[in-house]
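Okay, model.txt now, which holds compact mmCIF, C-alpha atoms and all ligand atoms:
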# COMPACT_ATOMS: atom_id res chain seq x y z
CA MET A 1 16.45 -2.22 39.07
CA ARG A 2 12.76 -2.75 39.51
CA ALA A 3 10.61 -5.80 38.90
CA PRO A 4 8.28 -5.66 35.91
CA GLY A 5 5.05 -4.11 37.12
CA ALA A 6 6.50 -2.77 40.40
CA ARG A 7 5.50 0.88 40.69
CA ALA A 8 8.38 3.25 41.25
CA ASP A 9 6.32 5.59 43.41
CA LEU A 10 5.34 2.99 46.05
CA SER A 11 7.22 2.17 49.23
CA ARG A 12 8.23 -1.43 49.83
CA ASP A 13 5.68 -1.67 52.67
CA THR A 14 3.02 -1.21 50.01
CA LEU A 15 4.76 -3.39 47.43
CA ALA A 16 4.74 -6.22 49.99
CA LEU A 17 0.94 -6.18 49.66
CA SER A 18 0.57 -5.36 46.00
CA ALA A 19 3.52 -6.25 43.75
CA GLY A 20 2.68 -9.14 41.44
CA LEU A 21 -0.92 -9.38 42.66
CA VAL A 22 -3.21 -10.45 39.83
CA ILE A 23 -6.92 -9.71 40.12
CA ASP A 24 -8.69 -12.76 38.66
CA PRO A 25 -10.07 -11.57 35.32
CA SER A 26 -13.21 -13.71 35.45
CA THR A 27 -14.27 -13.51 39.12
CA LYS A 28 -12.45 -10.26 40.09
CA ALA A 29 -11.24 -12.01 43.26
CA ILE A 30 -8.70 -9.79 45.01
CA ALA A 31 -6.87 -12.56 46.86
CA PRO A 32 -4.38 -14.44 44.67
CA ASN A 33 -5.77 -17.53 42.93
CA ILE A 34 -4.20 -20.86 43.74
CA SER A 35 -3.65 -22.30 40.31
CA MET A 36 -3.12 -26.02 40.88
CA SER A 37 -3.05 -26.87 37.19
CA VAL A 38 0.17 -28.47 35.98
CA ASN A 39 -0.33 -27.17 32.45
CA ASN A 40 -2.32 -24.49 30.66
CA LEU A 41 -4.18 -24.38 27.36
CA LEU A 42 -2.19 -23.53 24.26
CA GLU A 43 -4.22 -21.45 21.82
CA PRO A 44 -3.50 -19.76 18.52
CA GLY A 45 -2.62 -16.17 19.23
CA ASN A 46 -1.32 -16.56 22.81
CA GLY A 47 2.31 -17.02 21.81
CA ALA A 48 2.46 -20.80 21.93
CA PHE A 49 2.64 -21.18 18.17
CA SER A 50 5.20 -18.48 17.36
CA ALA A 51 7.95 -19.44 14.93
CA ASP A 52 10.64 -19.17 17.61
CA GLY A 53 8.79 -21.35 20.10
CA VAL A 54 8.76 -20.29 23.73
CA ASP A 55 11.79 -18.31 24.78
CA ASP A 56 10.45 -16.77 27.99
CA LEU A 57 9.45 -19.49 30.43
CA THR A 58 7.59 -17.00 32.60
CA ALA A 59 5.40 -15.40 29.93
CA LEU A 60 1.90 -16.47 29.02
CA PRO A 61 0.95 -19.11 28.16
CA PHE A 62 2.16 -20.97 31.25
CA LEU A 63 3.25 -24.20 29.64
CA TYR A 64 4.15 -26.45 32.53
CA ALA A 65 4.32 -25.91 36.28
CA ARG A 66 7.90 -27.11 36.67
CA TRP A 67 8.97 -23.99 34.75
CA THR A 68 6.56 -21.67 36.52
CA ASN A 69 2.90 -21.37 37.37
CA PRO A 70 0.57 -18.37 37.69
CA THR A 71 0.52 -18.37 41.52
CA VAL A 72 4.27 -18.92 41.77
CA ARG A 73 4.78 -16.11 39.26
CA GLN A 74 2.86 -13.70 41.50
CA LEU A 75 5.22 -14.63 44.34
CA GLU A 76 8.31 -14.22 42.15
CA LYS A 77 7.23 -10.73 41.06
CA ARG A 78 6.54 -9.68 44.63
CA LEU A 79 9.93 -10.85 45.89
CA ALA A 80 11.72 -9.22 42.95
CA ALA A 81 9.98 -5.95 43.82
CA LEU A 82 11.00 -6.17 47.49
CA GLU A 83 14.64 -6.83 46.62
CA GLY A 84 14.73 -4.23 43.83
CA ALA A 85 15.56 -7.01 41.34
CA ASP A 86 14.68 -7.42 37.67
CA ASP A 87 13.28 -10.85 38.37
CA ALA A 88 13.18 -13.81 40.76
CA VAL A 89 12.91 -17.58 40.55
CA ALA A 90 11.11 -19.48 43.30
CA THR A 91 12.25 -22.96 44.31
CA ALA A 92 10.90 -25.79 46.44
CA THR A 93 13.17 -24.96 49.39
CA GLY A 94 15.92 -22.57 50.41
CA VAL A 95 18.51 -25.28 49.88
CA ALA A 96 17.20 -25.76 46.34
CA ALA A 97 17.75 -22.03 45.70
CA ILE A 98 21.34 -22.30 46.93
CA GLY A 99 21.97 -25.52 44.98
CA ALA A 100 20.43 -24.01 41.84
CA THR A 101 22.72 -20.98 42.15
CA PHE A 102 25.84 -23.10 42.62
CA LEU A 103 24.97 -25.42 39.74
CA SER A 104 24.07 -22.56 37.39
CA PHE A 105 27.26 -20.55 37.81
CA LEU A 106 29.91 -23.16 38.65
CA LYS A 107 31.22 -25.92 36.43
CA LYS A 108 34.18 -28.32 36.43
CA GLY A 109 37.42 -26.37 36.91
CA ASP A 110 35.74 -23.37 38.57
CA HIS A 111 36.42 -22.03 42.04
CA LEU A 112 33.94 -20.95 44.74
CA ILE A 113 34.81 -18.68 47.66
CA LEU A 114 32.42 -19.61 50.46
CA SER A 115 31.79 -18.04 53.83
CA ASP A 116 33.48 -20.42 56.30
CA VAL A 117 30.34 -20.13 58.45
CA CYS A 118 27.00 -20.23 56.70
CA TYR A 119 23.84 -22.31 56.83
CA ALA A 120 24.99 -25.90 57.44
CA GLY A 121 23.20 -27.29 54.38
CA ALA A 122 24.88 -24.77 52.06
CA ASN A 123 28.26 -25.36 53.66
CA GLU A 124 27.99 -29.13 53.41
CA LEU A 125 26.69 -28.99 49.82
CA ALA A 126 29.63 -26.81 48.80
CA ARG A 127 32.35 -28.60 50.70
CA ARG A 128 31.24 -32.22 50.37
CA ILE A 129 29.46 -32.39 47.02
CA LEU A 130 30.87 -29.71 44.69
CA PRO A 131 34.46 -31.08 44.79
CA ASP A 132 33.08 -34.41 43.44
CA TYR A 133 32.15 -32.43 40.31
CA GLY A 134 35.58 -30.84 39.92
CA ILE A 135 34.70 -27.52 41.60
CA GLU A 136 37.23 -26.09 44.04
CA VAL A 137 35.90 -24.49 47.22
CA THR A 138 37.76 -22.16 49.60
CA PRO A 139 36.06 -21.37 52.92
CA VAL A 140 36.92 -17.84 54.07
CA ASN A 141 35.95 -15.64 57.00
CA MET A 142 33.93 -13.01 55.11
CA ALA A 143 34.31 -10.53 57.96
CA ARG A 144 37.95 -10.19 56.85
CA PRO A 145 37.91 -8.60 53.38
CA GLN A 146 41.71 -8.99 53.18
CA ASP A 147 41.27 -12.79 53.46
CA VAL A 148 38.60 -12.72 50.76
CA ALA A 149 40.86 -10.64 48.50
CA ALA A 150 43.68 -13.17 48.97
CA ALA A 151 41.41 -16.13 48.13
CA PHE A 152 40.63 -15.13 44.53
CA ARG A 153 42.09 -17.26 41.76
CA PRO A 154 41.84 -16.83 38.00
CA ASN A 155 39.06 -19.46 37.98
CA THR A 156 36.98 -17.93 40.81
CA LYS A 157 33.43 -17.64 39.47
CA LEU A 158 31.30 -17.15 42.56
CA VAL A 159 31.53 -15.73 46.10
CA HIS A 160 28.77 -16.91 48.44
CA CYS A 161 28.05 -15.54 51.91
CA GLU A 162 25.39 -14.68 54.48
CA SER A 163 24.81 -11.55 56.52
CA PRO A 164 24.05 -12.05 59.37
CA CYS A 165 25.30 -15.61 59.10
CA ASN A 166 23.53 -18.57 60.60
CA PRO A 167 24.22 -19.49 63.36
CA ILE A 168 26.75 -17.03 64.85
CA LEU A 169 25.34 -13.70 63.53
CA ARG A 170 28.63 -12.51 62.11
CA LEU A 171 28.11 -9.89 59.40
CA THR A 172 29.60 -9.49 55.94
CA ASP A 173 30.28 -6.03 54.54
CA LEU A 174 28.29 -6.73 51.40
CA GLY A 175 29.39 -3.64 49.47
CA ALA A 176 33.08 -4.33 50.14
CA ILE A 177 32.94 -8.01 49.18
CA ALA A 178 30.76 -7.28 46.10
CA ALA A 179 33.37 -4.78 44.92
CA LEU A 180 36.09 -7.43 45.27
CA ALA A 181 34.01 -9.98 43.36
CA ARG A 182 33.36 -7.46 40.58
CA LYS A 183 37.06 -6.59 40.36
CA HIS A 184 37.89 -10.27 39.85
CA GLY A 185 35.08 -10.90 37.36
CA ALA A 186 33.17 -13.20 39.74
CA LEU A 187 29.52 -13.13 40.76
CA MET A 188 28.48 -12.65 44.36
CA SER A 189 25.49 -14.32 46.00
CA VAL A 190 24.22 -13.64 49.49
CA ASP A 191 21.79 -15.72 51.48
CA SER A 192 19.81 -12.94 53.13
CA THR A 193 17.39 -15.20 55.03
CA LEU A 194 18.27 -13.81 58.47
CA ALA A 195 18.22 -10.17 57.33
CA THR A 196 15.02 -10.32 55.21
CA PRO A 197 14.34 -7.55 52.67
CA VAL A 198 13.10 -5.41 55.56
CA ALA A 199 16.62 -5.08 57.01
CA THR A 200 18.87 -5.14 53.96
CA GLN A 201 18.63 -4.87 50.16
CA PRO A 202 21.88 -6.51 49.04
CA LEU A 203 21.37 -5.78 45.32
CA LEU A 204 21.59 -2.05 46.07
CA LEU A 205 25.02 -2.71 47.61
CA GLY A 206 26.34 -4.35 44.44
CA VAL A 207 25.57 -8.01 45.16
CA ASP A 208 24.47 -9.98 42.06
CA LEU A 209 22.13 -12.58 43.52
CA VAL A 210 20.02 -12.57 46.69
CA ILE A 211 18.83 -15.89 48.04
CA HIS A 212 16.22 -16.52 50.74
CA SER A 213 14.89 -19.54 52.47
CA LEU A 214 11.26 -18.43 52.28
CA THR A 215 10.53 -21.14 54.85
CA LYS A 216 11.79 -18.74 57.51
CA PHE A 217 10.86 -15.09 58.17
CA ILE A 218 9.41 -14.33 54.72
CA ASN A 219 6.61 -16.86 55.04
CA GLY A 220 6.84 -16.44 58.77
CA HIS A 221 4.26 -19.02 59.83
CA GLY A 222 6.23 -22.28 59.82
CA ASP A 223 3.85 -24.00 57.42
CA ALA A 224 5.51 -23.92 53.98
CA LEU A 225 8.93 -24.68 52.55
CA GLY A 226 10.26 -22.43 49.81
CA GLY A 227 13.26 -20.63 48.39
CA VAL A 228 14.01 -17.83 45.97
CA VAL A 229 16.87 -16.28 44.03
CA CYS A 230 16.49 -12.62 42.96
CA GLY A 231 18.74 -10.71 40.56
CA ARG A 232 19.34 -9.47 37.04
CA LYS A 233 17.08 -10.94 34.37
CA GLU A 234 19.78 -12.89 32.54
CA LEU A 235 21.08 -14.48 35.75
CA VAL A 236 17.62 -15.47 36.97
CA GLU A 237 16.75 -16.87 33.52
CA LYS A 238 19.85 -19.02 33.62
CA ILE A 239 18.91 -20.45 37.01
CA ARG A 240 15.33 -21.12 35.89
CA SER A 241 16.19 -22.67 32.55
CA ARG A 242 19.03 -24.84 33.85
CA ALA A 243 18.70 -25.75 37.46
CA GLY A 244 14.97 -25.07 37.75
CA VAL A 245 13.87 -27.00 34.71
CA TYR A 246 16.39 -29.85 34.96
CA LEU A 247 16.71 -30.29 38.72
CA GLY A 248 12.96 -30.04 39.10
CA ALA A 249 13.01 -28.31 42.49
CA SER A 250 9.98 -26.19 41.63
CA MET A 251 7.73 -24.52 44.16
CA PRO A 252 4.22 -25.95 44.52
CA ALA A 253 1.39 -23.43 43.96
CA MET A 254 -0.05 -23.97 47.44
CA ASN A 255 3.28 -22.99 49.02
CA ALA A 256 3.48 -19.89 46.81
CA TRP A 257 0.00 -18.90 47.98
CA LEU A 258 0.85 -19.40 51.66
CA ILE A 259 4.10 -17.45 51.29
CA LEU A 260 2.34 -14.61 49.43
CA ARG A 261 -0.02 -14.36 52.38
CA GLY A 262 2.95 -14.34 54.74
CA ILE A 263 4.59 -11.51 52.79
CA ASP A 264 1.46 -9.35 53.13
CA THR A 265 2.50 -8.77 56.76
CA LEU A 266 6.28 -9.01 56.32
CA PHE A 267 7.19 -5.41 57.12
CA PRO A 268 5.14 -4.92 60.31
CA ARG A 269 6.01 -8.47 61.41
CA ILE A 270 9.76 -8.03 61.05
CA ARG A 271 9.70 -4.59 62.68
CA THR A 272 7.77 -5.96 65.66
CA ILE A 273 10.01 -9.02 65.93
CA SER A 274 13.18 -6.89 65.68
CA GLU A 275 11.99 -4.51 68.38
CA SER A 276 11.21 -7.44 70.65
CA ALA A 277 14.54 -9.14 69.84
CA SER A 278 16.42 -5.95 70.81
CA LYS A 279 14.70 -5.88 74.24
CA ILE A 280 15.28 -9.61 74.78
CA ALA A 281 18.97 -9.28 73.83
CA ALA A 282 19.34 -6.49 76.41
CA PHE A 283 17.52 -8.60 79.03
CA LEU A 284 19.74 -11.63 78.37
CA GLN A 285 22.88 -9.52 78.53
CA ASP A 286 22.11 -8.66 82.17
CA HIS A 287 20.98 -12.14 83.19
CA PRO A 288 23.23 -13.94 85.72
CA SER A 289 22.88 -17.30 83.92
CA VAL A 290 24.11 -15.84 80.62
CA VAL A 291 27.80 -15.58 79.75
CA ALA A 292 27.50 -13.72 76.41
CA VAL A 293 24.85 -12.43 74.00
CA THR A 294 25.27 -11.73 70.30
CA TYR A 295 22.81 -9.50 68.45
CA PRO A 296 23.68 -7.04 65.66
CA GLY A 297 21.70 -4.32 67.44
CA LEU A 298 23.77 -4.51 70.64
CA ALA A 299 26.65 -2.06 70.97
CA SER A 300 28.72 -5.06 72.14
CA HIS A 301 28.40 -6.81 68.74
CA PRO A 302 31.90 -6.61 67.20
CA GLN A 303 30.39 -5.31 63.94
CA HIS A 304 27.69 -3.05 65.39
CA GLU A 305 28.83 -0.10 63.26
CA LEU A 306 28.50 -2.20 60.10
CA ALA A 307 25.10 -3.43 61.31
CA LYS A 308 23.92 0.18 61.67
CA ARG A 309 25.10 0.95 58.13
CA GLN A 310 23.77 -2.17 56.47
CA MET A 311 20.60 -3.08 58.35
CA ASP A 312 17.44 -0.99 58.72
CA VAL A 313 16.31 -3.28 61.55
CA PHE A 314 18.50 -5.80 63.39
CA GLY A 315 16.37 -8.90 62.83
CA GLY A 316 14.76 -11.61 64.89
CA ILE A 317 17.68 -13.87 65.83
CA VAL A 318 19.55 -13.51 69.12
CA THR A 319 22.22 -15.95 70.27
CA PHE A 320 23.43 -16.47 73.82
CA GLN A 321 25.92 -18.61 75.69
CA VAL A 322 25.80 -20.12 79.16
CA LYS A 323 28.33 -21.95 81.38
CA ASP A 324 26.96 -25.48 80.91
CA PRO A 325 25.15 -25.54 77.55
CA GLY A 326 24.23 -29.25 77.61
CA ARG A 327 22.50 -28.99 80.98
CA MET A 328 20.81 -25.71 79.99
CA ALA A 329 19.46 -27.28 76.78
CA GLN A 330 17.63 -29.90 78.84
CA GLN A 331 16.47 -27.27 81.33
CA LEU A 332 15.04 -25.08 78.54
CA ALA A 333 13.37 -28.01 76.76
CA GLY A 334 11.70 -28.99 80.06
CA ARG A 335 10.77 -25.55 81.39
CA LEU A 336 9.84 -23.28 78.46
CA LYS A 337 6.10 -22.61 78.35
CA ILE A 338 5.81 -20.07 75.52
CA ALA A 339 8.91 -20.37 73.35
CA HIS A 340 9.45 -23.79 71.77
CA TYR A 341 12.67 -25.77 72.04
CA ALA A 342 13.08 -26.87 68.41
CA PHE A 343 15.10 -26.44 65.23
CA SER A 344 14.33 -23.89 62.51
CA LEU A 345 13.70 -20.17 62.84
CA GLY A 346 11.71 -17.24 61.50
CA HIS A 347 8.25 -18.37 62.55
CA GLN A 348 5.49 -16.44 64.31
CA ARG A 349 6.24 -18.37 67.53
CA SER A 350 9.58 -18.11 69.31
CA ILE A 351 11.98 -21.02 68.93
CA VAL A 352 15.25 -21.74 70.69
CA VAL A 353 17.81 -24.49 70.18
CA LEU A 354 21.42 -25.23 71.19
CA LEU A 355 24.05 -25.52 68.46
CA GLU A 356 27.10 -27.01 70.16
CA THR A 357 30.44 -25.89 68.77
CA ASP A 358 32.07 -29.36 68.83
CA GLU A 359 29.10 -30.83 67.03
CA MET A 360 28.96 -28.03 64.43
CA MET A 361 32.69 -28.45 63.74
CA LYS A 362 32.40 -32.22 63.39
CA SER A 363 29.25 -32.32 61.31
CA THR A 364 29.75 -29.22 59.19
CA TYR A 365 32.35 -26.49 59.42
CA GLN A 366 35.58 -28.37 60.24
CA LEU A 367 37.38 -25.12 61.02
CA THR A 368 40.89 -24.91 62.40
CA GLY A 369 43.33 -22.18 63.44
CA GLU A 370 42.18 -18.57 63.18
CA GLN A 371 38.85 -19.50 61.61
CA LEU A 372 38.00 -21.76 64.56
CA GLU A 373 39.17 -19.09 67.03
CA ASP A 374 36.90 -16.56 65.36
CA TYR A 375 33.94 -18.97 65.48
CA CYS A 376 34.56 -19.55 69.18
CA ARG A 377 34.75 -15.80 69.83
CA PHE A 378 31.13 -15.64 68.65
CA ALA A 379 29.92 -19.03 69.89
CA GLY A 380 32.07 -20.29 72.80
CA ASP A 381 31.21 -23.95 73.50
CA GLY A 382 27.88 -23.49 71.78
CA VAL A 383 25.18 -20.96 71.09
CA PHE A 384 21.53 -20.99 71.92
CA ARG A 385 19.91 -19.62 68.78
CA LEU A 386 16.72 -17.82 69.76
CA SER A 387 14.35 -16.94 66.95
CA VAL A 388 12.03 -14.32 68.39
CA GLY A 389 8.37 -14.54 67.45
CA LEU A 390 5.34 -12.30 67.81
CA GLU A 391 4.44 -13.11 71.43
CA ALA A 392 4.33 -10.10 73.79
CA THR A 393 7.92 -9.22 74.69
CA ASP A 394 7.24 -9.19 78.44
CA ASP A 395 5.71 -12.66 78.29
CA LEU A 396 8.73 -13.96 76.41
CA ILE A 397 11.15 -12.36 78.84
CA ASP A 398 9.26 -13.89 81.80
CA ASP A 399 9.28 -17.29 80.09
CA LEU A 400 13.00 -17.14 79.33
CA ASP A 401 13.75 -15.85 82.84
CA GLN A 402 11.99 -18.75 84.60
CA ALA A 403 13.56 -21.22 82.17
CA ILE A 404 17.21 -20.11 82.36
CA SER A 405 17.41 -19.08 86.03
CA GLU A 406 19.21 -21.41 88.47
C1 LIG B 501 20.23 -19.04 56.29
C2 LIG B 501 19.53 -20.24 55.75
N1 LIG B 501 19.56 -20.48 54.43
C3 LIG B 501 18.97 -21.57 53.89
C4 LIG B 501 18.30 -22.47 54.68
C5 LIG B 501 17.66 -23.66 54.05
O1 LIG B 501 16.30 -23.44 53.91
P1 LIG B 501 15.23 -24.58 53.60
O2 LIG B 501 15.04 -25.34 54.87
O3 LIG B 501 14.04 -23.80 53.15
O4 LIG B 501 15.80 -25.44 52.52
C6 LIG B 501 18.23 -22.26 56.06
C7 LIG B 501 17.53 -23.25 56.91
O5 LIG B 501 17.63 -23.22 58.12
C8 LIG B 501 18.86 -21.13 56.61
O6 LIG B 501 18.83 -20.87 57.93
Do you think you could lay out the structure here as structure tokens?
Amino acid sequence: MRAPGARADLSRDTLALSAGLVIDPSTKAIAPNISMSVNNLLEPGNGAFSADGVDDLTALPFLYARWTNPTVRQLEKRLAALEGADDAVATATGVAAIGATFLSFLKKGDHLILSDVCYAGANELARRILPDYGIEVTPVNMARPQDVAAAFRPNTKLVHCESPCNPILRLTDLGAIAALARKHGALMSVDSTLATPVATQPLLLGVDLVIHSLTKFINGHGDALGGVVCGRKELVEKIRSRAGVYLGASMPAMNAWLILRGIDTLFPRIRTISESASKIAAFLQDHPSVVAVTYPGLASHPQHELAKRQMDVFGGIVTFQVKDPGRMAQQLAGRLKIAHYAFSLGHQRSIVVLLETDEMMKSTYQLTGEQLEDYCRFAGDGVFRLSVGLEATDDLIDDLDQAISE
């Protein structure tokens, strides 16, 4: 699969700079235009007056910006090219992309198999809201394909997961779970925000839909919200024409422009961040204040072999545990000079925050039994989620060292 206009002979490093880019026909500007117009002129001969009306919401003429807009369309084509998808639909936020996917492929009486640990917003949307609309949801540990296989029902329509998952960095064998979904006639979506297209191309492994919060690594500068779903043309069209048009969670042109600029540097940025994250994970592993470190690139990660198979780089998120997480959270917030103590991830500056296990269970995951035990194997009493930025690795290590040491 290849996005319309994406050249087959170019590497994705190059496509990150060029796919979807439109040279302005009147000024010849080579940076994308920000088209702030809500609507565009309808003229005889440009398709607006055809007998069938408009059946492709992305083709010229751009009718109305809630459906798509010329700057947003450039972003959609670029992301489709990077994921090897037919097409992509951009949304106002990552949560909107997840919500749009759920509401496009699940209806009353359907069943969703959901990763028992995934981004809190997705988990809460699925477990708290979807049942109100008659949709059944089964949370499953996606690292156990046998549990996923056992969860299918005749009405299972969608399997949704993350790899690595936020916040505990557990991986999903995407090829194995996609094969199960296919066998049972269900679609599979993966939120690939933590992997980015630099690490993993889920569509090549058989996944149907790839979702990103563009707010994170893909924009990479912490200054624009956005989301995307990439996949086969008919699936993306369904999301755009149903959830996009009727839920109205469309991406503003300014955000598309900022995110396009972020993507220009995506490949070198993620490679640099991943290299730095690997060194920081190794440093933390040897630090006396640290009890455990989780990073897909460490040999100690329980799924390191899968990580090597499925990820070209190991990404920018490292988690670590300490003996007294509450006290350490205050110590970090007070002492860090370079990294910021704050929520979110995937920005150019490093960010760290504590996600306490009790709190995560109460507010979101509500796991019990084996699922809780598995969460605790990765997270203990709580994980510090460190999102590594582009600062010099040695400076970051010095900053973390002075902040976490007794
Ligand atoms: C993995 C993942 N998916 C989705 C989201 C939601 O993204 P947004 O804040 O853009 O709605 C987040 C936010 O933290 C996330 O980490």
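Minimum atom-to-atom distance to Asn40 (chain A), evaluated using only C-alpha atoms, belongs to A:Pro61 out of A:Pro288, A:Pro296, A:Pro252, A:Pro61.
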At most 9 Å from ligand LIG 501 (chain B) (only C-alpha atoms and all ligand atoms): residue list as a VMD selection string:
chain A and resid 92 to 98 118 to 122 162 to 167 191 to 194 211 to 216 224 to 227 343 to 346
So which one's closest to Val313 (chain A), A:Leu10, A:Val198, A:Val245, A:Ala281? Using all atoms listed in the file, please.
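Result for the nearest residue to Val313 (chain A): A:Val198.
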Contacts of region 175-181 of chain A at 9 Å or less, counting all atoms listed in the file, minus same-chain residues fewer than 2 places along, as number ranges by chain?
A: 142, 145, 148-149, 152, 156-159, 172-173, 183-189, 202, 204-208
For Ile30 (chain A), please output as an MDAnalysis selection string all residues within 12 Å (counting only C-alpha atoms; exclusion window: fewer than 5 positions along the same chain).
chainID A and resid 17:18 20:25
What does the distance between CA of Cys230 (chain A) and CA of Leu266 (chain A) come to in Å, to one decimal place?
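CA of Leu266 (chain A) lies at a distance of 17.2 Å from CA of Cys230 (chain A).
Closest to Asp394 (chain A) among A:Leu125, A:Ile338, A:Ile168, A:Ala243 is A:Ile338, based on only C-alpha atoms.
Take CA of Asp374 (chain A) and CA of Ala277 (chain A): the distance between them is 24.0 Å.
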Hey, can you check how far CA of Arg12 (chain A) sits from CA of Leu203 (chain A)?
14.6 Å
Size and centre in Å, one decimal, axis-aligned box, all listed region 272-283 of chain A atoms plus 6 Å per side, as lines of an AutoDock Vina configuration file:
center_x = 13.6
center_y = -7.1
center_z = 72.3
size_x = 23.6
size_y = 17.1
size_z = 25.4
For a cutoff of 10 Å around the file-coordinate point (44.2, -19.9, 45.9), which residues qualify once you count all atoms listed in the file? I'd like the result as a list in words.
His111, Ile113, Glu136, Val137, Thr138, Ala150, Ala151, Phe152, Arg153, Pro154, Asn155 and Thr156 of chain A
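Shortest separation to Ala143 (chain A) among A:Met311, A:Ile280, A:Ala333, A:Val117 occurs at residue A:Val117, atoms counted being only C-alpha atoms.
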All residues 12 Å or closer to Glu234 (chain A), only C-alpha atoms, same chain fewer than 6 positions away omitted, as a ChimeraX atom specification
/A:56,85-89,104-105,208-209,240-241
When distances are computed from only C-alpha atoms, which of A:Ala81, A:Asn219, A:Val352, A:Thr265 shows the smallest separation from Ser11 (chain A)?
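Closest to Ser11 (chain A) of all the choices is A:Ala81.
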Just want the 8 Å neighbourhood of Lys323 (chain A), counted on all atoms listed in the file, with same-chain residues fewer than 5 positions away dropped. Output as number ranges by chain.
A: 289-291
With distances taken over all atoms listed in the file, which of A:Val388, A:Ser274, A:Glu370, A:Lys28 is nearest to Arg144 (chain A)?
A:Glu370
Completed region 257-262 of chain A (all heavy atoms) as an mmCIF file, keeping the file's coordinate frame:
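And here is the file that came out, selection_33.cif:
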data_model
loop_
_atom_site.group_PDB
_atom_site.id
_atom_site.type_symbol
_atom_site.label_atom_id
_atom_site.label_comp_id
_atom_site.auth_asym_id
_atom_site.auth_seq_id
_atom_site.Cartn_x
_atom_site.Cartn_y
_atom_site.Cartn_z
ATOM 1 N N TRP A 257 1.164 -19.626 47.460
ATOM 2 C CA TRP A 257 0.000 -18.900 47.980
ATOM 3 C C TRP A 257 0.186 -18.597 49.471
ATOM 4 O O TRP A 257 -0.052 -17.476 49.928
ATOM 5 C CB TRP A 257 -1.267 -19.718 47.735
ATOM 6 C CG TRP A 257 -2.525 -18.993 48.078
ATOM 7 C CD1 TRP A 257 -3.248 -18.178 47.268
ATOM 8 C CD2 TRP A 257 -3.191 -19.010 49.350
ATOM 9 N NE1 TRP A 257 -4.338 -17.681 47.950
ATOM 10 C CE2 TRP A 257 -4.319 -18.174 49.223
ATOM 11 C CE3 TRP A 257 -2.956 -19.642 50.568
ATOM 12 C CZ2 TRP A 257 -5.218 -17.958 50.273
ATOM 13 C CZ3 TRP A 257 -3.837 -19.424 51.617
ATOM 14 C CH2 TRP A 257 -4.948 -18.592 51.467
ATOM 15 N N LEU A 258 0.636 -19.611 50.216
ATOM 16 C CA LEU A 258 0.850 -19.400 51.660
ATOM 17 C C LEU A 258 1.922 -18.329 51.889
ATOM 18 O O LEU A 258 1.798 -17.467 52.762
ATOM 19 C CB LEU A 258 1.287 -20.702 52.333
ATOM 20 C CG LEU A 258 0.182 -21.744 52.546
ATOM 21 C CD1 LEU A 258 0.790 -23.099 52.866
ATOM 22 C CD2 LEU A 258 -0.753 -21.299 53.671
ATOM 23 N N ILE A 259 2.979 -18.393 51.088
ATOM 24 C CA ILE A 259 4.100 -17.450 51.290
ATOM 25 C C ILE A 259 3.680 -16.044 50.872
ATOM 26 O O ILE A 259 4.037 -15.063 51.536
ATOM 27 C CB ILE A 259 5.364 -17.960 50.553
ATOM 28 C CG1 ILE A 259 5.812 -19.299 51.175
ATOM 29 C CG2 ILE A 259 6.493 -16.936 50.638
ATOM 30 C CD1 ILE A 259 6.828 -20.085 50.353
ATOM 31 N N LEU A 260 2.875 -15.935 49.800
ATOM 32 C CA LEU A 260 2.340 -14.610 49.430
ATOM 33 C C LEU A 260 1.556 -14.022 50.603
ATOM 34 O O LEU A 260 1.666 -12.840 50.920
ATOM 35 C CB LEU A 260 1.406 -14.724 48.220
ATOM 36 C CG LEU A 260 2.070 -14.670 46.841
ATOM 37 C CD1 LEU A 260 1.102 -15.154 45.771
ATOM 38 C CD2 LEU A 260 2.552 -13.260 46.514
ATOM 39 N N ARG A 261 0.762 -14.859 51.240
ATOM 40 C CA ARG A 261 -0.020 -14.360 52.380
ATOM 41 C C ARG A 261 0.902 -13.948 53.519
ATOM 42 O O ARG A 261 0.668 -12.948 54.197
ATOM 43 C CB ARG A 261 -1.042 -15.386 52.842
ATOM 44 C CG ARG A 261 -2.036 -14.731 53.772
ATOM 45 C CD ARG A 261 -3.254 -15.543 53.995
ATOM 46 N NE ARG A 261 -2.945 -16.692 54.842
ATOM 47 C CZ ARG A 261 -3.887 -17.404 55.443
ATOM 48 N NH1 ARG A 261 -5.149 -17.112 55.282
ATOM 49 N NH2 ARG A 261 -3.563 -18.413 56.186
ATOM 50 N N GLY A 262 1.978 -14.716 53.707
ATOM 51 C CA GLY A 262 2.950 -14.340 54.740
ATOM 52 C C GLY A 262 3.578 -12.981 54.433
ATOM 53 O O GLY A 262 3.768 -12.141 55.319
#
